[in-house]
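Enquirer: After the structure tokens below, expect a handful of questions from me.
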Amino acid sequence: MDKKRILLVDDEAVVTRTLQLYLEDTDKFEVRAENEGSRAVEAARAFKPDLIMLDLVMADTDGATVAEEIRNDPDLKDTPIVFLTALVSEAEVGPGGTTIGGNPFLAKPVDPDKVIECIEKYVRP
Amino acid sequence: MRNTIDFPPRPVPPRALVISICALAVPVIGTLLFPGSLGEYQVMLWLLALIPAFLLAYYRGWRGATVALGLGMVVLAVTHVLGHLLGQNVQDWPLFVIVVTAYVIISLGIGWLSQMLPDLTEHKLAVIARRQMRTALETMQVGVAITDLEGRIIYVNPAEARIHGFSVEELRGEDLGVFAPSSKRNPINRERLEEFSSWKRESVNVRKDGSTFPVRLCSDVVRNIDGETIGIVTTCEDITERKLAADQLRQTSSALRKSRGDLQSTQLKLAEVEKLESVGRLAAGVAHEVKNPLMVLLTGVKYLSKHVTDDDERERLLLADMREAIDRADRVITGLLDFSRPHQIEMRLVQLNPIVERAITLVRHDLVRFHVVIHEEFGDDLPLVSLDPFKIQQVLVNLLTNACHAMPDGGTLTVRTYATQLQDNVYRTDSGDSVLRRLETTEVVLEVDDTGTGIPEKDLGKIFDPFFTTKPVGKGTGLGMAVSWQIIEMHGATIELQNRDEGGLRVTITFTSHLGV
């Protein structure tokens with residue numbers, strides 16, 4: 001079975017590094033990390049991920065802008081995006097299923113197994 | 001016994017003095033001006049000289065008469081001697097002596113009589129004074145009663161009778177005890193009376209119809225001219241209105257004190273809220289910074305957990321504790337984040353029941369875990385309520401979770417919704433026109449009853465305080481109810497906690513829906 005390609009975009013390298021370690025440890029994913037939001041689209045074009053996990057608040061840009069650029073890119077527009085954010089809690093947005101800008105989101109800190117569940121839910125087979 | 005009254009000497013009016021001086025002057029002047037004529041007029045002159053003697057005798061008694069006669073006789077003697085010296089024809093000495101003697105007797109008689117007979121002027125003045133006093137007593141609004149030493153009423157003024165619902169005639173001769181409640185009717189202690197000068201007191205008197213009223217009484221003893229006590233005079237003032245005013249003043253003052261207390265406590269609460277809001281804002285900034293490290297820790301712990309073998313029991317326990325610690329830190333941060341941002345609410349007109357159902361679904365896991373049976377008693381056809389569904393759902397999840405935690409050994413959770421018509425037929429005038437509008441106020445109530453341990457009465461008031469928790473250390477953030485309270489407040493709704501008589505706690509949330517008809 002092909003490994004799913006996951007692009008992690010988060011300005012905190014320690015977050016992407018641990019999550020990358022965890023995801024790759026399952027042997028189901030090939031993970032690339034990008035710690036500069038402004039280079040996320042470029043990285044996505046190069047990597048062609050099956051899913052992009054995007055931090056909402058980053059030092060140089062915000063996740064919503066990056067998501068818009070991705071949606072406007074003909075090659076990437078269908079790539080699923082999952083937001084990973086420390087800014088909202090589930091209680092605020094409403095439990096389960098509620099989305100940010102039409103994209104699902106996970107609130108940090110999230111159990112990495114739930115990250116995997118989420119990836120498997122949204123990645124196209 | 002007759003009272004001797006020591007009258008002062010009557011003042012001599014000026015007219016009497018003038019007459020006296022003229023009468024004394026006329027013989028002297030006549031003797032000097034008309035030489036030779038004294039003998040013919042001497043008897044008339046003697047009569048004139050006696051006028052001042054009679055007047056003084058009348059006004060000043062016999063002493064006055066003596067003085068006047070002395071003077072008169074001097075004058076007469078002078079004129080008689082003068083008449084001889086001027087060679088006038090004068091009366092014989094024997095007649096002169098007889099006339100003077102007769103006049104002395106008559107003058108002294110008048111003086112004595114004027115002293116013994118009652119003075120008519122004095123009598124008139126006394127009558128006038130008594131009338132004035134009576135009018136004053138009858139006009140005044142304070143009751144006055146005079147009793148004899150047996151306590152029998154000798155005199156009451158109309159005010160005294162009116163205050164007690166009697167007529168003046170009905171009271172004359174009655175015992176003064178008729179005004180006192182039966183428990184206070186004491187006979188007059190005569191021995192003690194002698195010691196009294198006057199005494200004031202507040203008491204309760206009885207009216208003819210049996211009703212009672214507060215009075216202010218002031219009594220004094222009445223003495224005769226020899227200082228013997230012969231009666232008691234008591235003034236009586238109805239102080240019902242004064243008492244009412246005093247009560248009202250006391251109530252107003254107590255209400256004022258309470259308002260001041262409320263104001264102070266509100267100020268304190270406001271200061272507390274402001275402090276907490278700033279804590280909240282700070283926490284929101286911190287939360288973002290803390291959640292990333294927590295994410296790293298959580299991922300790391302999960303990674304290590306996967307790679308620990310079953311034999312590494314201690315490592316496994318350690319990792320479980322670390323996992324628990326991360327969850328706890330996350331709960332606190334999430335709570336603070338919620339607390340700092342409850343202002344973003346989106347009100348919608350919705351049905352309450354589906355929101356309650358969704359909240360119950362979300363805590364289903366806890367219900368099963370704590371063996372809690374749930375009863376749903378949802379009212380039909382509840383009116384729409386304006387609320388933020390997510391926020392209210394958050395409150396409900398919090399309440400239901402708390403209820404589950406309060407029943408660790410299982411129990412029953414009853415969730416009830418119903419509507420009540422608060423006030424009907426309240427009419428309000430729209431400002432600017434005279435149209436009357438019926439205002440219907442409906443309350444939509446949600447009750448959550450558990451069968452847990454309830455909350456100690458002393459803690460009920462603190463439940464909504466941030467960081468107050470009855471849960472064991474580490475189990476609750478102490479923010480759930482504080483956030484819930486904020487959310488409920490923002491909806492203009494109310495939340496109340498109440499220990500149920502049957503045991504357990506009842507939480508009541510009341511939404512108000514004003515729908516003009």
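Letters A, B, ... mark the chains of the structure tokens in the order given; residue numbers begin at 1 per chain; ligand numbers begin at 1, in order shown.
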Please return, as a ChimeraX atom specification, all residues of chain B lying within 10 Å of chain A when only C-alpha atoms are considered.
Expert: /B:284-285,287-304,306,323,326-327,330,333-335,337-338,341-342,344-345,359,362,389-391,393-395,397
Enquirer: For the residues in the current selection, export N, CA and C atoms as a short mmCIF file (atom, residue, chain, number, x, y, z; two decimals), in the first residue's frame.
Expert:
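Result went into result00.cif, see below:
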data_model
loop_
_atom_site.label_atom_id
_atom_site.label_comp_id
_atom_site.auth_asym_id
_atom_site.auth_seq_id
_atom_site.Cartn_x
_atom_site.Cartn_y
_atom_site.Cartn_z
N ALA B 284 -5.70 34.23 27.41
CA ALA B 284 -5.92 33.93 25.98
C ALA B 284 -4.60 34.02 25.22
N GLY B 285 -3.79 35.00 25.57
CA GLY B 285 -2.48 35.13 24.91
C GLY B 285 -1.57 33.98 25.29
N ALA B 287 -2.53 31.07 26.36
CA ALA B 287 -3.06 29.78 25.91
C ALA B 287 -2.44 29.34 24.59
N HIS B 288 -2.35 30.29 23.67
CA HIS B 288 -1.80 29.96 22.35
C HIS B 288 -0.37 29.46 22.48
N GLU B 289 0.37 30.13 23.35
CA GLU B 289 1.78 29.77 23.53
C GLU B 289 1.92 28.44 24.26
N VAL B 290 0.94 28.12 25.12
CA VAL B 290 1.05 26.90 25.91
C VAL B 290 0.56 25.68 25.13
N LYS B 291 -0.42 25.93 24.27
CA LYS B 291 -1.02 24.78 23.58
C LYS B 291 -0.05 24.10 22.62
N ASN B 292 0.83 24.86 22.01
CA ASN B 292 1.81 24.24 21.11
C ASN B 292 2.76 23.30 21.87
N PRO B 293 3.36 23.78 22.99
CA PRO B 293 4.20 22.85 23.75
C PRO B 293 3.41 21.62 24.24
N LEU B 294 2.13 21.84 24.62
CA LEU B 294 1.32 20.70 25.07
C LEU B 294 1.15 19.69 23.94
N MET B 295 0.99 20.22 22.73
CA MET B 295 0.84 19.36 21.55
C MET B 295 2.10 18.49 21.38
N VAL B 296 3.25 19.17 21.57
CA VAL B 296 4.53 18.47 21.43
C VAL B 296 4.64 17.37 22.49
N LEU B 297 4.29 17.75 23.73
CA LEU B 297 4.38 16.78 24.84
C LEU B 297 3.44 15.60 24.61
N LEU B 298 2.23 15.92 24.17
CA LEU B 298 1.24 14.86 23.97
C LEU B 298 1.70 13.89 22.89
N THR B 299 2.21 14.46 21.80
CA THR B 299 2.68 13.60 20.70
C THR B 299 3.86 12.74 21.20
N GLY B 300 4.75 13.39 21.97
CA GLY B 300 5.91 12.67 22.48
C GLY B 300 5.51 11.53 23.41
N VAL B 301 4.58 11.82 24.31
CA VAL B 301 4.13 10.81 25.27
C VAL B 301 3.47 9.64 24.54
N LYS B 302 2.65 10.00 23.53
CA LYS B 302 1.97 8.94 22.77
C LYS B 302 2.99 8.07 22.03
N TYR B 303 4.02 8.73 21.48
CA TYR B 303 5.06 8.02 20.74
C TYR B 303 5.77 7.03 21.66
N LEU B 304 6.18 7.57 22.85
CA LEU B 304 6.90 6.72 23.80
C LEU B 304 6.01 5.58 24.30
N LYS B 306 3.85 3.99 22.74
CA LYS B 306 3.78 2.91 21.74
C LYS B 306 5.03 2.02 21.78
N ARG B 323 0.52 11.80 30.57
CA ARG B 323 -0.64 12.03 29.70
C ARG B 323 -1.76 12.77 30.46
N ILE B 326 -0.85 16.38 31.02
CA ILE B 326 -1.06 17.19 29.81
C ILE B 326 -2.55 17.53 29.66
N ASP B 327 -3.40 16.52 29.87
CA ASP B 327 -4.85 16.75 29.75
C ASP B 327 -5.32 17.81 30.75
N ASP B 330 -4.29 21.18 29.73
CA ASP B 330 -5.13 21.60 28.59
C ASP B 330 -6.51 22.05 29.06
N ILE B 333 -6.21 25.53 30.54
CA ILE B 333 -6.00 26.54 29.49
C ILE B 333 -7.28 26.75 28.68
N THR B 334 -7.95 25.65 28.37
CA THR B 334 -9.20 25.76 27.59
C THR B 334 -10.25 26.53 28.38
N GLY B 335 -10.32 26.21 29.69
CA GLY B 335 -11.27 26.92 30.55
C GLY B 335 -11.00 28.41 30.57
N LEU B 337 -9.45 30.12 28.34
CA LEU B 337 -9.74 30.66 27.00
C LEU B 337 -11.24 30.93 26.85
N ASP B 338 -12.04 29.97 27.32
CA ASP B 338 -13.50 30.15 27.27
C ASP B 338 -13.92 31.33 28.11
N ARG B 341 -13.29 34.64 26.50
CA ARG B 341 -13.96 35.02 25.26
C ARG B 341 -15.42 34.61 25.21
N PRO B 342 -16.18 34.97 26.24
CA PRO B 342 -17.58 34.57 26.16
C PRO B 342 -18.43 35.62 25.44
N GLN B 344 -18.40 36.63 22.39
CA GLN B 344 -18.79 36.43 21.00
C GLN B 344 -19.99 35.49 20.95
N ILE B 345 -21.17 36.08 21.06
CA ILE B 345 -22.34 35.21 20.96
C ILE B 345 -23.20 35.63 19.78
N ALA B 359 -26.95 18.23 23.78
CA ALA B 359 -26.03 18.25 24.93
C ALA B 359 -26.02 16.89 25.63
N LEU B 362 -23.94 14.47 23.82
CA LEU B 362 -22.50 14.71 24.00
C LEU B 362 -21.96 14.17 25.32
N PRO B 389 -27.07 28.97 20.32
CA PRO B 389 -27.20 27.52 20.56
C PRO B 389 -25.89 26.87 21.05
N PHE B 390 -24.77 27.27 20.47
CA PHE B 390 -23.51 26.63 20.87
C PHE B 390 -23.14 26.97 22.30
N LYS B 391 -23.35 28.26 22.64
CA LYS B 391 -22.99 28.68 23.99
C LYS B 391 -23.86 27.97 25.03
N GLN B 393 -25.42 25.21 24.63
CA GLN B 393 -25.04 23.80 24.62
C GLN B 393 -23.80 23.59 25.51
N GLN B 394 -22.88 24.54 25.42
CA GLN B 394 -21.66 24.47 26.24
C GLN B 394 -22.04 24.48 27.74
N VAL B 395 -22.99 25.38 28.08
CA VAL B 395 -23.44 25.46 29.47
C VAL B 395 -24.06 24.13 29.90
N VAL B 397 -23.69 21.08 28.61
CA VAL B 397 -22.70 20.00 28.71
C VAL B 397 -21.99 20.11 30.06
#
Enquirer: Taking only region 216-312 of chain B into account, list the residues labelled strand (DSSP E or B) by DSSP (computed from the backbone), as a list of chain:residue names.
Expert: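 Selecting the strand (DSSP E or B) positions of region 216-312 of chain B gives B:Arg216, B:Leu217, B:Cys218, B:Ser219, B:Asp220, B:Val221, B:Val222, B:Arg223, B:Thr229, B:Ile230, B:Gly231, B:Ile232, B:Val233, B:Thr234, B:Thr235, B:Cys236, B:Glu237, B:Asp238.
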Enquirer: I'd like the neighbourhood of Leu8 (chain A) as a list in words, where a residue qualifies if any of its atoms comes within 8 Å (using only C-alpha atoms), though same-chain residues fewer than 6 positions away should be ignored.
Expert: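 The residues satisfying every condition are Thr16, Gln20, Val31, Arg32, Ala33, Glu34, Ile52, Met53 and Leu54 of chain A.
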Enquirer: List the neighbours of Ala46 (chain A) out to 12 Å using only C-alpha atoms; skip same-chain residues closer than 3 positions along the sequence, and give me the result as a PyMOL selection string.
Expert: chain A and resi 5+7+32+34+39-43+49+75-76
Enquirer: Take the residues that were just selected and, keeping N, CA and C atoms, output them as a short mmCIF file (atom, residue, chain, number, x, y, z; two decimals), in the first residue's frame.
Expert:
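File written: part-v4.cif
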data_model
loop_
_atom_site.label_atom_id
_atom_site.label_comp_id
_atom_site.auth_asym_id
_atom_site.auth_seq_id
_atom_site.Cartn_x
_atom_site.Cartn_y
_atom_site.Cartn_z
N ARG A 5 0.98 10.95 1.38
CA ARG A 5 1.93 12.07 1.54
C ARG A 5 1.24 13.20 2.32
N LEU A 7 1.72 16.96 4.16
CA LEU A 7 2.55 18.16 4.35
C LEU A 7 2.10 18.84 5.66
N ARG A 32 6.29 15.59 5.07
CA ARG A 32 7.22 16.69 4.83
C ARG A 32 6.78 17.85 5.73
N GLU A 34 7.02 21.95 6.83
CA GLU A 34 7.40 23.29 6.36
C GLU A 34 7.10 24.27 7.51
N ARG A 39 6.11 29.89 2.59
CA ARG A 39 6.67 28.96 1.61
C ARG A 39 5.84 27.68 1.50
N ALA A 40 4.69 27.69 2.16
CA ALA A 40 3.86 26.49 2.21
C ALA A 40 3.36 26.07 0.83
N VAL A 41 2.92 27.05 0.04
CA VAL A 41 2.35 26.71 -1.28
C VAL A 41 3.44 26.13 -2.18
N GLU A 42 4.57 26.77 -2.12
CA GLU A 42 5.72 26.31 -2.89
C GLU A 42 6.08 24.87 -2.51
N ALA A 43 6.10 24.63 -1.19
CA ALA A 43 6.44 23.29 -0.71
C ALA A 43 5.40 22.29 -1.18
N PRO A 49 1.25 16.83 -1.88
CA PRO A 49 0.74 16.00 -0.77
C PRO A 49 -0.68 15.51 -1.02
N ASP A 75 -3.24 23.01 -9.50
CA ASP A 75 -2.73 21.67 -9.19
C ASP A 75 -3.11 21.22 -7.78
N LEU A 76 -3.29 22.23 -6.89
CA LEU A 76 -3.48 21.88 -5.47
C LEU A 76 -4.92 22.06 -4.98
#
Enquirer: Excluding same-chain residues fewer than 3 positions from region 70-74 of chain A, what lies within 10 Å of it counting only C-alpha atoms, as a VMD selection string?
Expert: chain A and resid 40 to 42 44 to 45 52 64 to 67 77 to 81
Enquirer: Print the selection's residues with N, CA and C atoms to a file, as a PDB file, in the first residue's frame.
Expert:
ATOM      1  N   ALA A  40       4.690  27.691   2.157  1.00  0.00           N
ATOM      2  CA  ALA A  40       3.861  26.485   2.209  1.00  0.00           C
ATOM      3  C   ALA A  40       3.357  26.070   0.826  1.00  0.00           C
ATOM      4  N   VAL A  41       2.918  27.045   0.039  1.00  0.00           N
ATOM      5  CA  VAL A  41       2.348  26.711  -1.280  1.00  0.00           C
ATOM      6  C   VAL A  41       3.441  26.130  -2.176  1.00  0.00           C
ATOM      7  N   GLU A  42       4.572  26.772  -2.118  1.00  0.00           N
ATOM      8  CA  GLU A  42       5.725  26.313  -2.893  1.00  0.00           C
ATOM      9  C   GLU A  42       6.084  24.866  -2.514  1.00  0.00           C
ATOM     10  N   ALA A  44       4.139  22.721  -1.177  1.00  0.00           N
ATOM     11  CA  ALA A  44       3.053  21.836  -1.590  1.00  0.00           C
ATOM     12  C   ALA A  44       3.177  21.490  -3.071  1.00  0.00           C
ATOM     13  N   ARG A  45       3.501  22.525  -3.885  1.00  0.00           N
ATOM     14  CA  ARG A  45       3.645  22.275  -5.325  1.00  0.00           C
ATOM     15  C   ARG A  45       4.744  21.234  -5.567  1.00  0.00           C
ATOM     16  N   ILE A  52      -2.890  18.378   3.396  1.00  0.00           N
ATOM     17  CA  ILE A  52      -2.059  19.410   4.031  1.00  0.00           C
ATOM     18  C   ILE A  52      -2.619  19.700   5.416  1.00  0.00           C
ATOM     19  N   ALA A  64      -5.337  30.841   7.003  1.00  0.00           N
ATOM     20  CA  ALA A  64      -6.471  31.091   6.104  1.00  0.00           C
ATOM     21  C   ALA A  64      -5.971  31.610   4.748  1.00  0.00           C
ATOM     22  N   THR A  65      -4.932  32.490   4.777  1.00  0.00           N
ATOM     23  CA  THR A  65      -4.372  33.029   3.531  1.00  0.00           C
ATOM     24  C   THR A  65      -3.707  31.914   2.720  1.00  0.00           C
ATOM     25  N   VAL A  66      -2.966  31.084   3.442  1.00  0.00           N
ATOM     26  CA  VAL A  66      -2.293  29.959   2.767  1.00  0.00           C
ATOM     27  C   VAL A  66      -3.339  29.046   2.119  1.00  0.00           C
ATOM     28  N   ALA A  67      -4.427  28.771   2.897  1.00  0.00           N
ATOM     29  CA  ALA A  67      -5.488  27.891   2.378  1.00  0.00           C
ATOM     30  C   ALA A  67      -6.097  28.471   1.113  1.00  0.00           C
ATOM     31  N   LYS A  77      -5.768  22.655  -5.850  1.00  0.00           N
ATOM     32  CA  LYS A  77      -7.077  23.094  -5.346  1.00  0.00           C
ATOM     33  C   LYS A  77      -7.924  21.969  -4.733  1.00  0.00           C
ATOM     34  N   ASP A  78      -7.682  20.728  -5.117  1.00  0.00           N
ATOM     35  CA  ASP A  78      -8.501  19.640  -4.557  1.00  0.00           C
ATOM     36  C   ASP A  78      -7.840  18.937  -3.373  1.00  0.00           C
ATOM     37  N   THR A  79      -6.642  19.422  -3.021  1.00  0.00           N
ATOM     38  CA  THR A  79      -5.948  18.770  -1.901  1.00  0.00           C
ATOM     39  C   THR A  79      -6.666  19.096  -0.587  1.00  0.00           C
ATOM     40  N   PRO A  80      -7.039  18.062   0.183  1.00  0.00           N
ATOM     41  CA  PRO A  80      -7.728  18.347   1.450  1.00  0.00           C
ATOM     42  C   PRO A  80      -6.822  19.106   2.431  1.00  0.00           C
ATOM     43  N   ILE A  81      -7.415  20.051   3.111  1.00  0.00           N
ATOM     44  CA  ILE A  81      -6.680  20.811   4.138  1.00  0.00           C
ATOM     45  C   ILE A  81      -7.330  20.545   5.492  1.00  0.00           C
TER      46      ILE A  81
END
Enquirer: Please identify which residues in region 218-418 of chain B DSSP calls alpha helix (DSSP H) from the backbone, and express them as a ChimeraX atom specification.
Expert: /B:240-307,313-340,352-362,364-369,389-405
Enquirer: Show which residues sit within 9 Å of Arg124 (chain A), as a PyMOL selection string. Count only C-alpha atoms, and ignore same-chain residues fewer than 4 positions away.
Expert: chain A and resi 50-51+80+120
Enquirer: Tell me, in Å to one decimal, how far CA of Gln421 (chain B) is from CA of Ala482 (chain B).
Expert: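 These two atoms are separated by 29.2 Å.
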Enquirer: Just to confirm, what's the straight-line distance from CA of Val507 (chain B) to CA of Glu447 (chain B) in Å (one decimal)?
Expert: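 These atoms are spaced 5.6 Å apart.
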